[in-house]
Each structure stands twice: as structure tokens, then as C-alpha cells.
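Participant: Next up, structure_31.csv (CSV, C-alpha atoms).
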chain,number,residue,atom,x,y,z
F,27,MET,CA,36.8,-30.7,36.2
F,28,LEU,CA,33.5,-31.2,34.5
F,29,GLY,CA,34.0,-34.9,34.8
F,30,ASN,CA,31.7,-36.8,32.6
F,31,SER,CA,29.5,-33.8,31.9
F,32,TYR,CA,29.7,-34.4,28.1
F,33,GLU,CA,29.4,-38.1,28.5
F,34,GLY,CA,27.0,-38.6,25.5
F,35,GLN,CA,29.6,-36.9,23.3
F,36,VAL,CA,32.1,-39.1,21.5
F,37,CYS,CA,34.3,-36.3,20.5
F,38,SER,CA,37.8,-35.2,21.4
F,39,ALA,CA,36.8,-31.6,21.6
F,40,ALA,CA,34.2,-32.5,24.2
F,41,ARG,CA,36.8,-34.6,26.1
F,42,SER,CA,39.1,-31.6,26.1
F,43,LEU,CA,36.4,-29.3,27.4
F,44,GLU,CA,35.8,-31.7,30.2
F,45,VAL,CA,39.4,-31.1,31.4
F,46,VAL,CA,39.9,-27.4,30.6
F,47,GLY,CA,36.4,-26.1,29.8
F,48,GLU,CA,35.6,-24.7,33.2
F,49,ARG,CA,35.7,-21.0,33.9
F,50,TRP,CA,39.3,-19.6,34.3
F,51,SER,CA,40.9,-22.9,33.3
F,52,LEU,CA,42.5,-21.8,30.0
F,53,LEU,CA,43.5,-18.4,31.5
F,54,ILE,CA,45.4,-20.2,34.3
F,55,ILE,CA,47.1,-22.4,31.7
F,56,ARG,CA,47.8,-19.3,29.5
F,57,ASP,CA,49.6,-17.6,32.5
F,58,ALA,CA,51.6,-20.8,33.3
F,59,LEU,CA,52.6,-21.4,29.7
F,60,PHE,CA,53.3,-17.9,28.3
F,61,GLY,CA,53.7,-15.9,31.5
F,62,GLY,CA,55.9,-18.3,33.4
F,63,VAL,CA,53.7,-18.2,36.5
F,64,THR,CA,54.1,-21.0,38.9
F,65,ARG,CA,53.0,-19.8,42.4
F,66,PHE,CA,49.5,-19.8,43.8
F,67,SER,CA,49.8,-16.2,44.9
F,68,ASP,CA,51.1,-15.0,41.5
F,69,PHE,CA,48.1,-16.7,39.7
F,70,LEU,CA,45.8,-15.1,42.2
F,71,ARG,CA,47.2,-11.6,41.7
F,72,ARG,CA,47.4,-11.7,38.0
F,73,LEU,CA,44.0,-13.2,37.4
F,74,GLY,CA,42.0,-11.6,40.2
F,75,LEU,CA,39.8,-14.7,40.6
F,76,ALA,CA,38.5,-16.1,43.9
F,77,ARG,CA,41.0,-18.0,45.9
F,78,ASN,CA,38.7,-21.1,46.3
F,79,ILE,CA,38.2,-21.3,42.5
F,80,LEU,CA,41.9,-21.0,41.8
F,81,ALA,CA,42.6,-23.8,44.4
F,82,ALA,CA,39.9,-26.0,42.8
F,83,ARG,CA,41.3,-25.5,39.3
F,84,LEU,CA,44.9,-26.2,40.3
F,85,ASP,CA,43.9,-29.3,42.2
F,86,GLY,CA,41.9,-30.4,39.2
F,87,PHE,CA,44.9,-29.8,36.9
F,88,VAL,CA,47.2,-31.9,39.1
F,89,GLU,CA,44.6,-34.7,39.2
F,90,ALA,CA,44.2,-34.6,35.4
F,91,GLY,CA,48.0,-34.7,34.9
F,92,ILE,CA,48.1,-31.2,33.3
F,93,MET,CA,50.2,-29.8,36.2
F,94,GLU,CA,52.6,-31.1,38.8
F,95,ARG,CA,52.8,-29.7,42.3
F,96,PHE,CA,56.2,-29.0,43.9
F,97,SER,CA,57.1,-27.9,47.4
F,98,LEU,CA,60.0,-25.6,47.6
F,99,GLU,CA,62.5,-26.7,50.2
F,100,GLY,CA,62.6,-24.4,53.3
F,101,SER,CA,59.6,-22.5,52.1
F,102,ALA,CA,55.8,-22.5,52.5
F,103,TYR,CA,55.4,-21.9,48.8
F,104,GLN,CA,54.1,-24.5,46.5
F,105,GLU,CA,54.8,-24.4,42.8
F,106,TYR,CA,52.6,-25.6,40.0
F,107,ARG,CA,54.3,-26.5,36.7
F,108,LEU,CA,52.7,-27.7,33.5
F,109,THR,CA,53.4,-31.2,32.3
F,110,GLU,CA,53.9,-32.0,28.6
F,111,LYS,CA,50.1,-32.7,28.6
F,112,GLY,CA,49.5,-29.2,29.9
F,113,ARG,CA,52.0,-27.5,27.6
F,114,ASP,CA,50.4,-29.2,24.7
F,115,LEU,CA,47.4,-26.9,25.2
F,116,GLY,CA,49.3,-24.1,23.7
F,117,PRO,CA,47.6,-24.4,20.2
F,118,VAL,CA,44.2,-24.1,21.9
F,119,ILE,CA,45.2,-20.9,23.6
F,120,ILE,CA,46.8,-19.5,20.4
F,121,ALA,CA,43.7,-20.3,18.4
F,122,LEU,CA,41.5,-18.5,21.0
F,123,THR,CA,43.8,-15.6,20.9
F,124,ASP,CA,43.7,-15.4,17.1
F,125,TRP,CA,40.0,-15.4,17.1
F,126,GLY,CA,39.8,-12.7,19.8
F,127,ASP,CA,42.4,-10.6,17.9
F,128,ARG,CA,40.2,-10.7,14.8
F,129,TRP,CA,36.8,-10.3,16.4
F,130,ALA,CA,37.1,-8.8,19.8
F,131,ALA,CA,40.1,-6.5,20.0
F,132,PRO,CA,38.8,-3.0,19.0
F,133,ASN,CA,42.0,-1.4,20.4
F,134,GLY,CA,44.3,-3.7,18.5
F,135,ARG,CA,46.0,-6.9,19.7
F,136,PRO,CA,47.0,-7.0,23.3
F,137,ILE,CA,49.6,-9.7,22.9
F,138,ILE,CA,51.5,-10.7,19.8
F,139,TYR,CA,53.1,-14.2,19.5
F,140,ARG,CA,56.6,-14.1,18.0
F,141,HIS,CA,59.1,-16.6,16.8
F,142,VAL,CA,61.9,-16.2,19.3
F,143,ASP,CA,64.7,-16.8,16.8
F,144,CYS,CA,63.8,-14.1,14.3
F,145,GLY,CA,61.0,-12.0,15.8
F,146,GLY,CA,58.5,-12.9,13.0
F,147,GLU,CA,54.9,-13.2,13.9
F,148,VAL,CA,53.5,-16.7,14.6
F,149,GLU,CA,50.6,-17.9,12.4
F,150,GLN,CA,48.5,-20.9,13.0
F,151,GLN,CA,47.7,-22.8,9.8
F,152,LEU,CA,45.8,-25.8,8.6
F,153,VAL,CA,48.0,-28.0,6.5
F,154,CYS,CA,47.2,-31.1,4.4
F,155,SER,CA,49.5,-33.9,5.5
F,156,HIS,CA,49.3,-35.4,2.0
F,157,CYS,CA,49.5,-32.4,-0.3
F,158,ARG,CA,51.7,-30.4,2.1
F,159,ILE,CA,49.7,-27.3,1.3
F,160,VAL,CA,48.0,-24.7,3.5
F,161,ILE,CA,44.3,-25.3,3.3
F,162,GLU,CA,41.3,-23.2,4.1
F,163,GLN,CA,38.6,-24.3,6.6
F,164,ASP,CA,36.0,-24.9,3.9
F,165,GLN,CA,38.4,-27.5,2.5
F,166,VAL,CA,38.1,-29.6,5.7
F,167,GLY,CA,35.8,-32.5,5.9
F,168,ILE,CA,35.2,-35.0,8.7
F,169,GLU,CA,35.3,-38.7,8.8
F,170,LEU,CA,34.5,-41.1,11.7
F,171,GLY,CA,37.6,-42.6,13.2
F,172,PRO,CA,38.4,-45.8,15.2
F,173,GLY,CA,37.4,-44.1,18.5
F,174,MET,CA,33.8,-43.9,17.3
F,175,THR,CA,33.5,-47.7,17.1
F,176,GLY,CA,32.8,-49.4,20.4
F,177,ALA,CA,31.6,-46.2,21.9
F,178,ALA,CA,28.6,-46.1,24.2
D,20,MET,CA,27.5,-15.1,27.3
D,21,LEU,CA,29.9,-14.5,30.2
D,22,GLY,CA,29.7,-10.8,29.5
D,23,ASN,CA,32.5,-8.9,31.2
D,24,SER,CA,33.4,-11.8,33.5
D,25,TYR,CA,37.0,-11.6,32.6
D,26,GLU,CA,37.0,-7.8,32.6
D,27,GLY,CA,40.4,-7.4,34.3
D,28,GLN,CA,42.0,-9.5,31.6
D,29,VAL,CA,43.4,-7.6,28.6
D,30,CYS,CA,43.8,-10.7,26.5
D,31,SER,CA,42.2,-11.9,23.3
D,32,ALA,CA,41.9,-15.4,24.6
D,33,ALA,CA,39.9,-14.1,27.5
D,34,ARG,CA,37.7,-12.0,25.2
D,35,SER,CA,37.1,-15.2,23.2
D,36,LEU,CA,36.2,-17.1,26.2
D,37,GLU,CA,33.6,-14.4,27.2
D,38,VAL,CA,31.8,-15.2,23.9
D,39,VAL,CA,32.3,-19.0,23.6
D,40,GLY,CA,33.6,-20.1,27.0
D,41,GLU,CA,30.3,-21.2,28.5
D,42,ARG,CA,29.3,-24.8,28.8
D,43,TRP,CA,28.2,-26.4,25.5
D,44,SER,CA,29.0,-23.3,23.5
D,45,LEU,CA,31.9,-24.8,21.5
D,46,LEU,CA,30.0,-28.1,21.0
D,47,ILE,CA,27.0,-26.3,19.5
D,48,ILE,CA,29.4,-24.4,17.2
D,49,ARG,CA,31.2,-27.7,16.3
D,50,ASP,CA,27.9,-29.3,15.3
D,51,ALA,CA,26.9,-26.2,13.2
D,52,LEU,CA,30.3,-26.0,11.6
D,53,PHE,CA,31.3,-29.6,10.9
D,54,GLY,CA,27.9,-31.4,11.3
D,55,GLY,CA,25.8,-29.0,9.2
D,56,VAL,CA,23.2,-28.7,11.9
D,57,THR,CA,20.9,-25.6,11.7
D,58,ARG,CA,17.7,-26.5,13.5
D,59,PHE,CA,17.0,-26.2,17.2
D,60,SER,CA,15.5,-29.7,17.4
D,61,ASP,CA,18.6,-31.2,15.7
D,62,PHE,CA,21.0,-29.5,18.1
D,63,LEU,CA,18.8,-30.7,21.0
D,64,ARG,CA,18.8,-34.3,19.8
D,65,ARG,CA,22.5,-34.5,18.9
D,66,LEU,CA,23.8,-32.8,22.0
D,67,GLY,CA,21.3,-34.0,24.7
D,68,LEU,CA,21.5,-30.8,26.7
D,69,ALA,CA,18.6,-29.0,28.4
D,70,ARG,CA,16.3,-27.1,26.1
D,71,ASN,CA,16.6,-23.9,28.1
D,72,ILE,CA,20.4,-24.0,28.0
D,73,LEU,CA,20.4,-24.5,24.2
D,74,ALA,CA,18.0,-21.6,23.8
D,75,ALA,CA,20.1,-19.3,25.9
D,76,ARG,CA,23.3,-20.3,24.0
D,77,LEU,CA,21.7,-19.8,20.6
D,78,ASP,CA,20.2,-16.4,21.6
D,79,GLY,CA,23.6,-15.4,22.9
D,80,PHE,CA,25.3,-16.4,19.6
D,81,VAL,CA,22.8,-14.3,17.6
D,82,GLU,CA,23.4,-11.4,20.0
D,83,ALA,CA,27.2,-11.8,19.6
D,84,GLY,CA,27.0,-12.0,15.8
D,85,ILE,CA,28.2,-15.6,15.7
D,86,MET,CA,25.0,-16.9,14.3
D,87,GLU,CA,22.0,-15.6,12.3
D,88,ARG,CA,18.5,-16.7,12.9
D,89,PHE,CA,16.3,-17.5,9.9
D,90,SER,CA,12.6,-18.3,9.8
D,91,LEU,CA,11.7,-20.8,7.1
D,92,GLU,CA,8.7,-19.6,5.1
D,93,GLY,CA,5.6,-21.6,5.7
D,94,SER,CA,7.1,-23.5,8.6
D,95,ALA,CA,7.4,-23.2,12.4
D,96,TYR,CA,11.1,-24.0,12.2
D,97,GLN,CA,13.8,-21.5,12.8
D,98,GLU,CA,17.2,-22.1,11.5
D,99,TYR,CA,20.5,-20.9,13.0
D,100,ARG,CA,23.5,-20.4,10.6
D,101,LEU,CA,27.0,-19.4,11.5
D,102,THR,CA,28.3,-16.1,10.3
D,103,GLU,CA,31.8,-15.6,9.2
D,104,LYS,CA,32.7,-14.7,12.8
D,105,GLY,CA,31.2,-18.0,13.9
D,106,ARG,CA,32.8,-20.1,11.2
D,107,ASP,CA,36.1,-18.5,12.1
D,108,LEU,CA,36.0,-20.5,15.4
D,109,GLY,CA,37.0,-23.6,13.4
D,110,PRO,CA,40.7,-23.5,14.4
D,111,VAL,CA,39.7,-23.4,18.1
D,112,ILE,CA,37.6,-26.5,17.7
D,113,ILE,CA,40.3,-28.3,15.7
D,114,ALA,CA,42.9,-27.4,18.3
D,115,LEU,CA,40.7,-28.8,21.1
D,116,THR,CA,40.1,-31.9,19.0
D,117,ASP,CA,43.8,-32.4,18.4
D,118,TRP,CA,44.6,-32.2,22.1
D,119,GLY,CA,41.8,-34.5,23.0
D,120,ASP,CA,43.0,-37.0,20.3
D,121,ARG,CA,46.4,-37.0,21.9
D,122,TRP,CA,45.5,-37.0,25.5
D,123,ALA,CA,41.9,-38.2,26.0
D,124,ALA,CA,41.1,-40.8,23.3
D,125,PRO,CA,42.0,-44.2,24.7
D,126,ASN,CA,40.0,-45.9,22.0
D,127,GLY,CA,41.5,-43.9,19.1
D,128,ARG,CA,40.3,-40.7,17.5
D,129,PRO,CA,36.5,-40.5,17.1
D,130,ILE,CA,36.7,-38.0,14.3
D,131,ILE,CA,39.4,-37.4,11.7
D,132,TYR,CA,39.6,-34.1,9.8
D,133,ARG,CA,40.5,-34.6,6.1
D,134,HIS,CA,41.4,-32.3,3.2
D,135,VAL,CA,38.3,-32.8,0.9
D,136,ASP,CA,40.4,-32.5,-2.3
D,137,CYS,CA,42.8,-35.4,-1.6
D,138,GLY,CA,41.6,-37.1,1.6
D,139,GLY,CA,44.9,-36.3,3.4
D,140,GLU,CA,44.7,-35.7,7.2
D,141,VAL,CA,44.6,-32.1,8.3
D,142,GLU,CA,47.3,-30.9,10.6
D,143,GLN,CA,47.4,-27.6,12.6
D,144,GLN,CA,50.8,-26.0,12.6
D,145,LEU,CA,52.5,-22.9,13.9
D,146,VAL,CA,54.4,-21.1,11.2
D,147,CYS,CA,56.7,-18.2,11.4
D,148,SER,CA,55.4,-15.5,9.0
D,149,HIS,CA,59.0,-14.3,8.5
D,150,CYS,CA,61.1,-17.5,8.1
D,151,ARG,CA,58.1,-19.4,6.7
D,152,ILE,CA,59.1,-22.5,8.7
D,153,VAL,CA,57.0,-24.6,11.0
D,154,ILE,CA,58.0,-23.9,14.5
D,155,GLU,CA,57.6,-25.7,17.8
D,156,GLN,CA,55.7,-24.1,20.7
D,157,ASP,CA,58.9,-23.6,22.8
D,158,GLN,CA,60.0,-21.2,20.0
D,159,VAL,CA,57.1,-18.9,20.6
D,160,GLY,CA,57.5,-15.8,22.7
D,161,ILE,CA,55.0,-13.1,23.6
D,162,GLU,CA,55.2,-9.3,23.1
D,163,LEU,CA,52.8,-6.6,24.3
D,164,GLY,CA,50.8,-5.2,21.4
D,165,PRO,CA,48.9,-2.0,20.7
D,166,GLY,CA,45.7,-3.3,22.4
D,167,MET,CA,47.6,-3.3,25.7
D,168,THR,CA,48.1,0.5,25.7
D,169,GLY,CA,45.1,2.5,26.8
D,170,ALA,CA,43.5,-0.6,28.5
D,171,ALA,CA,41.8,-0.2,31.9
For the structure just supplied, provide its representation as C-alpha cells.

Facilitator:
Amino acid sequence: MLGNSYEGQVCSAARSLEVVGERWSLLIIRDALFGGVTRFSDFLRRLGLARNILAARLDGFVEAGIMERFSLEGSAYQEYRLTEKGRDLGPVIIALTDWGDRWAAPNGRPIIYRHVDCGGEVEQQLVCSHCRIVIEQDQVGIELGPGMTGAA
Amino acid sequence: MLGNSYEGQVCSAARSLEVVGERWSLLIIRDALFGGVTRFSDFLRRLGLARNILAARLDGFVEAGIMERFSLEGSAYQEYRLTEKGRDLGPVIIALTDWGDRWAAPNGRPIIYRHVDCGGEVEQQLVCSHCRIVIEQDQVGIELGPGMTGAA
């Protein structure tokens, strides 16, 4: 975890990056969420990162409440499963994938997200909760919210 | 830039993290995109990061085509402006903000994204391009795409 590395930043994006902004973090969560990976050895093989870094990231996720650690009865294996807080990072991973698909995938998209019921492709959209219409990013403004008051 | 740090990963999320996954990167882009910041000194003051790190990030963004550098005539100032490729990172920042709002904002949301036309709050949704309905994350599956073939 980056801890309070972005302490001067009163911003939920900064708070999120404190928890999942370290190298490999979001790729570990991607494999857990969309690849069904749970075991240390499987993360290690799929990601090809250093063992000590993987251990540090998984420990950090457990500490941050993003994953829970389970011991399998009668086995030396430990399993790591995403909590609701961890699964809720899906939109971040899908947004990163969308951007990479558009700007950094010269050979085409490596992975396509599909609606399991019908096979249709999944799109991420910005919607106005009042008008109920899809809006473009240049129609998005920002306003200071309650969390900004009382902040250091 | 992380360069080819995630080389073994054929994944658009990994490709994106190579470009914007380093510390401070997404917060610099957040300030440029939603705070209208363009000058080196303004990024420095708002973010409170080290001068050499900011310089390295901005140079990397120019190199990656995420920002363009402009010299103001008759001034020592240089301006950095997001390209379309850079502005297209908005959904990533909004997704990170949403997660932080839900899971790491004990004092309430610091910033609220609003539709400029009507003031309604902006929501990020997953939509099926076939059914045209909003879907939940557990209804999302993955399929290997063309970019996976021919990959190292």
C-alpha cells in the first residue's frame, strides 16, 4: 500500500490509488476478478512477477479489506478471494482496458468483455442521473462535495 | 513511463498501466482534465510532488502522445495540454473516483461530477451493446480477441 502517500490530496481518485496504485496491483485484481485466480502459485505463474512483490501485494489487499485469505483444509494452499470492496474495482479495470484497446492495441483487442446472457459487447458509459441520457466527457463538470469540508 | 514492464501481459489494462500507472500520473492527468491546469508551476503547487518527478511525468506524457507542450510567446512559461488520447483517460479517473467515494471517503465525497447542462450527477454504467440494458458486473464475461493471436 502507498499508505498516506497522497496525503495532501483530498480526492477519491487519490485515495483509490493509495490502495491499488502500486505496480501489479490492478493486474492481480484483474486476474482474480475476470480470470478466477485464487492461489498464490497461479497468480505467480500467470503474472510472472517476483514472489516477494506478489506476497506484499496480497498481504496489502487483505489488510485493506480487498481480499480475504482462506486456508484449504488438509492442504498447504492458501486462497485469496476478492471481497465486495475488491470486486467493486471492476469498472476501473474495464476503463483501463477500454483506453488500452483504443490507444495501445495495434494488433486488435486482446480481450473482449461480453454480456453473459446475450454475448453482446459491454460498453462503459457516462449517464446523467437526472436526464437519464448518455453524456460525453466534455459535458462533465466538477463540484466540491461534503468530503472537501473539514479536510486538512 | 514503465516501458515494457508488463511485457509478458497481453492485456489492454496492462498496456494502459505502462503509460499511466506510475505514481502521480493519473493525478496529474486529473488536474489537467478536470482542473484546467496547464502550467508546470500550477501542477507543482496543487499536487505538492517533487519537481523532478513532475518533470519526468510530463516529459513521458509528451513522449507518449498524451500531452502536447506549448511555449507561450514572450514568456518563459511552457504549457502542457492534453491530447485526445489524454482526455480519453477521463473514464479511468471517474472510475477510480467512484470507487474511492464508496470505499475510502469517510467524510463524504470530496468532488461530485455533474452534467453541465442540468446539474444532475454523473454515473458510470456498464451497458450491453446488444440488449441496450444496464448490466451488473457479475453479468460480464471475457473472451479472447484478435489481439491475443500473434502475441509473443

Participant: How would you write as a list in words the residues that get within 12 Å of (21.1, -20.9, 25.6) in the file's frame, counting only C-alpha atoms?

Facilitator: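 The answer, in the requested form, is Met20, Leu21, Val39, Glu41, Arg42, Trp43, Ser44, Ile47, Phe59, Phe62, Leu63, Leu68, Ala69, Arg70, Asn71, Ile72, Leu73, Ala74, Ala75, Arg76, Leu77, Asp78, Gly79, Phe80, Val81 and Glu82 of chain D.
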
Participant: Env of F:Arg107: 8 Å cut, atoms = only C-alpha atoms, seq-sep filter 5 positions within chain, self excluded. Answer as a list in words.

Facilitator: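 Selected residues are Ala58, Thr64, Met93, Glu94, Arg95 and Phe96 of chain F.
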
Participant: Fit chain F to chain D: least squares, all C-alpha atoms, paired in order; write the output as a CSV table (one decimal) with C-alpha atoms, in the frame of the given file.

Facilitator:
chain,number,residue,atom,x,y,z
F,27,MET,CA,27.5,-15.0,27.4
F,28,LEU,CA,29.9,-14.5,30.2
F,29,GLY,CA,29.7,-10.8,29.5
F,30,ASN,CA,32.5,-8.9,31.2
F,31,SER,CA,33.3,-11.8,33.5
F,32,TYR,CA,37.1,-11.6,32.5
F,33,GLU,CA,37.0,-7.8,32.6
F,34,GLY,CA,40.4,-7.4,34.3
F,35,GLN,CA,42.0,-9.5,31.5
F,36,VAL,CA,43.4,-7.6,28.6
F,37,CYS,CA,43.8,-10.7,26.5
F,38,SER,CA,42.2,-11.9,23.3
F,39,ALA,CA,41.9,-15.4,24.6
F,40,ALA,CA,39.9,-14.1,27.6
F,41,ARG,CA,37.7,-12.0,25.2
F,42,SER,CA,37.1,-15.2,23.2
F,43,LEU,CA,36.1,-17.2,26.3
F,44,GLU,CA,33.7,-14.5,27.2
F,45,VAL,CA,31.8,-15.2,23.9
F,46,VAL,CA,32.2,-19.0,23.6
F,47,GLY,CA,33.6,-20.1,27.0
F,48,GLU,CA,30.3,-21.2,28.5
F,49,ARG,CA,29.3,-24.8,28.9
F,50,TRP,CA,28.1,-26.4,25.5
F,51,SER,CA,29.0,-23.3,23.5
F,52,LEU,CA,31.9,-24.8,21.4
F,53,LEU,CA,30.0,-28.2,21.0
F,54,ILE,CA,27.0,-26.3,19.5
F,55,ILE,CA,29.4,-24.4,17.2
F,56,ARG,CA,31.2,-27.7,16.4
F,57,ASP,CA,27.8,-29.3,15.3
F,58,ALA,CA,26.9,-26.2,13.2
F,59,LEU,CA,30.3,-26.0,11.5
F,60,PHE,CA,31.3,-29.6,10.9
F,61,GLY,CA,27.9,-31.4,11.2
F,62,GLY,CA,25.8,-29.0,9.2
F,63,VAL,CA,23.2,-28.7,11.9
F,64,THR,CA,21.0,-25.7,11.7
F,65,ARG,CA,17.6,-26.5,13.6
F,66,PHE,CA,16.9,-26.1,17.2
F,67,SER,CA,15.5,-29.6,17.5
F,68,ASP,CA,18.5,-31.2,15.7
F,69,PHE,CA,21.0,-29.5,18.1
F,70,LEU,CA,18.9,-30.7,21.0
F,71,ARG,CA,18.8,-34.3,19.8
F,72,ARG,CA,22.4,-34.5,19.0
F,73,LEU,CA,23.8,-32.8,22.0
F,74,GLY,CA,21.3,-34.0,24.6
F,75,LEU,CA,21.5,-30.8,26.6
F,76,ALA,CA,18.6,-29.0,28.4
F,77,ARG,CA,16.3,-27.1,26.1
F,78,ASN,CA,16.6,-23.8,28.2
F,79,ILE,CA,20.4,-23.9,27.9
F,80,LEU,CA,20.4,-24.6,24.2
F,81,ALA,CA,17.9,-21.6,23.8
F,82,ALA,CA,20.2,-19.4,25.9
F,83,ARG,CA,23.3,-20.3,24.0
F,84,LEU,CA,21.7,-19.7,20.6
F,85,ASP,CA,20.2,-16.4,21.6
F,86,GLY,CA,23.6,-15.4,22.9
F,87,PHE,CA,25.3,-16.5,19.6
F,88,VAL,CA,22.8,-14.3,17.6
F,89,GLU,CA,23.4,-11.4,19.9
F,90,ALA,CA,27.2,-11.8,19.6
F,91,GLY,CA,27.0,-12.0,15.8
F,92,ILE,CA,28.3,-15.6,15.7
F,93,MET,CA,25.0,-16.9,14.3
F,94,GLU,CA,22.1,-15.6,12.3
F,95,ARG,CA,18.5,-16.7,12.9
F,96,PHE,CA,16.2,-17.5,9.9
F,97,SER,CA,12.6,-18.3,9.7
F,98,LEU,CA,11.7,-20.8,7.1
F,99,GLU,CA,8.7,-19.7,5.1
F,100,GLY,CA,5.5,-21.7,5.7
F,101,SER,CA,7.1,-23.5,8.6
F,102,ALA,CA,7.4,-23.1,12.4
F,103,TYR,CA,11.1,-24.0,12.2
F,104,GLN,CA,13.8,-21.6,12.8
F,105,GLU,CA,17.2,-22.0,11.5
F,106,TYR,CA,20.5,-20.9,13.0
F,107,ARG,CA,23.5,-20.4,10.7
F,108,LEU,CA,27.0,-19.4,11.6
F,109,THR,CA,28.3,-16.1,10.3
F,110,GLU,CA,31.9,-15.6,9.1
F,111,LYS,CA,32.6,-14.7,12.8
F,112,GLY,CA,31.2,-18.0,13.9
F,113,ARG,CA,32.9,-20.1,11.2
F,114,ASP,CA,36.1,-18.5,12.1
F,115,LEU,CA,36.1,-20.5,15.3
F,116,GLY,CA,37.0,-23.6,13.4
F,117,PRO,CA,40.7,-23.5,14.4
F,118,VAL,CA,39.7,-23.4,18.1
F,119,ILE,CA,37.6,-26.5,17.7
F,120,ILE,CA,40.3,-28.3,15.7
F,121,ALA,CA,42.9,-27.4,18.3
F,122,LEU,CA,40.7,-28.8,21.1
F,123,THR,CA,40.1,-31.9,19.0
F,124,ASP,CA,43.9,-32.4,18.5
F,125,TRP,CA,44.5,-32.1,22.1
F,126,GLY,CA,41.7,-34.6,23.0
F,127,ASP,CA,43.0,-37.0,20.3
F,128,ARG,CA,46.4,-37.0,21.9
F,129,TRP,CA,45.5,-37.0,25.5
F,130,ALA,CA,42.0,-38.2,26.0
F,131,ALA,CA,41.0,-40.7,23.3
F,132,PRO,CA,42.0,-44.2,24.7
F,133,ASN,CA,39.9,-45.9,22.0
F,134,GLY,CA,41.5,-43.9,19.2
F,135,ARG,CA,40.3,-40.8,17.4
F,136,PRO,CA,36.6,-40.4,17.1
F,137,ILE,CA,36.7,-38.0,14.2
F,138,ILE,CA,39.4,-37.4,11.7
F,139,TYR,CA,39.7,-34.1,9.8
F,140,ARG,CA,40.5,-34.5,6.1
F,141,HIS,CA,41.4,-32.3,3.2
F,142,VAL,CA,38.3,-32.7,1.0
F,143,ASP,CA,40.3,-32.6,-2.3
F,144,CYS,CA,42.7,-35.4,-1.6
F,145,GLY,CA,41.6,-37.1,1.6
F,146,GLY,CA,44.9,-36.3,3.4
F,147,GLU,CA,44.7,-35.7,7.1
F,148,VAL,CA,44.6,-32.0,8.3
F,149,GLU,CA,47.3,-30.8,10.6
F,150,GLN,CA,47.4,-27.6,12.5
F,151,GLN,CA,50.8,-26.0,12.6
F,152,LEU,CA,52.5,-23.0,14.0
F,153,VAL,CA,54.3,-21.1,11.2
F,154,CYS,CA,56.8,-18.2,11.4
F,155,SER,CA,55.5,-15.4,9.1
F,156,HIS,CA,59.0,-14.2,8.5
F,157,CYS,CA,61.0,-17.4,8.2
F,158,ARG,CA,58.1,-19.4,6.6
F,159,ILE,CA,59.1,-22.4,8.7
F,160,VAL,CA,57.0,-24.7,11.0
F,161,ILE,CA,58.0,-23.8,14.5
F,162,GLU,CA,57.6,-25.6,17.8
F,163,GLN,CA,55.7,-24.1,20.8
F,164,ASP,CA,58.9,-23.5,22.8
F,165,GLN,CA,60.0,-21.3,20.0
F,166,VAL,CA,57.1,-18.9,20.7
F,167,GLY,CA,57.5,-15.8,22.7
F,168,ILE,CA,55.1,-13.0,23.6
F,169,GLU,CA,55.2,-9.4,23.2
F,170,LEU,CA,52.7,-6.7,24.3
F,171,GLY,CA,50.8,-5.3,21.4
F,172,PRO,CA,48.9,-2.0,20.7
F,173,GLY,CA,45.7,-3.3,22.4
F,174,MET,CA,47.6,-3.3,25.7
F,175,THR,CA,48.1,0.4,25.7
F,176,GLY,CA,45.1,2.5,26.8
F,177,ALA,CA,43.6,-0.5,28.5
F,178,ALA,CA,41.9,-0.2,31.9

Participant: Tell me the residues of chain F close to chain D, meaning within 6 Å using only C-alpha atoms, as number ranges by chain.

Facilitator: F: 37-39, 41-42, 117-118, 121-123, 126-127, 133-142, 146-156, 165-174

Participant: At what distance in Å, to one decimal, does atom CA of F:Val63 lie from atom CA of F:Glu110?

Facilitator: 15.9 Å

Participant: Show me, as AutoDock Vina command-line options, the centre and edge lengths in Å to one decimal of the axis-aligned box that covers every listed atom of stretch 99-107 of chain F with 8 Å on each side.

Facilitator:
--center_x 57.6 --center_y -24.3 --center_z 45.0 --size_x 26.0 --size_y 20.8 --size_z 32.6

Participant: To one decimal in Å, tell me the separation between atom CA of F:Thr109 and atom CA of F:Asp68.

Facilitator: 18.8 Å
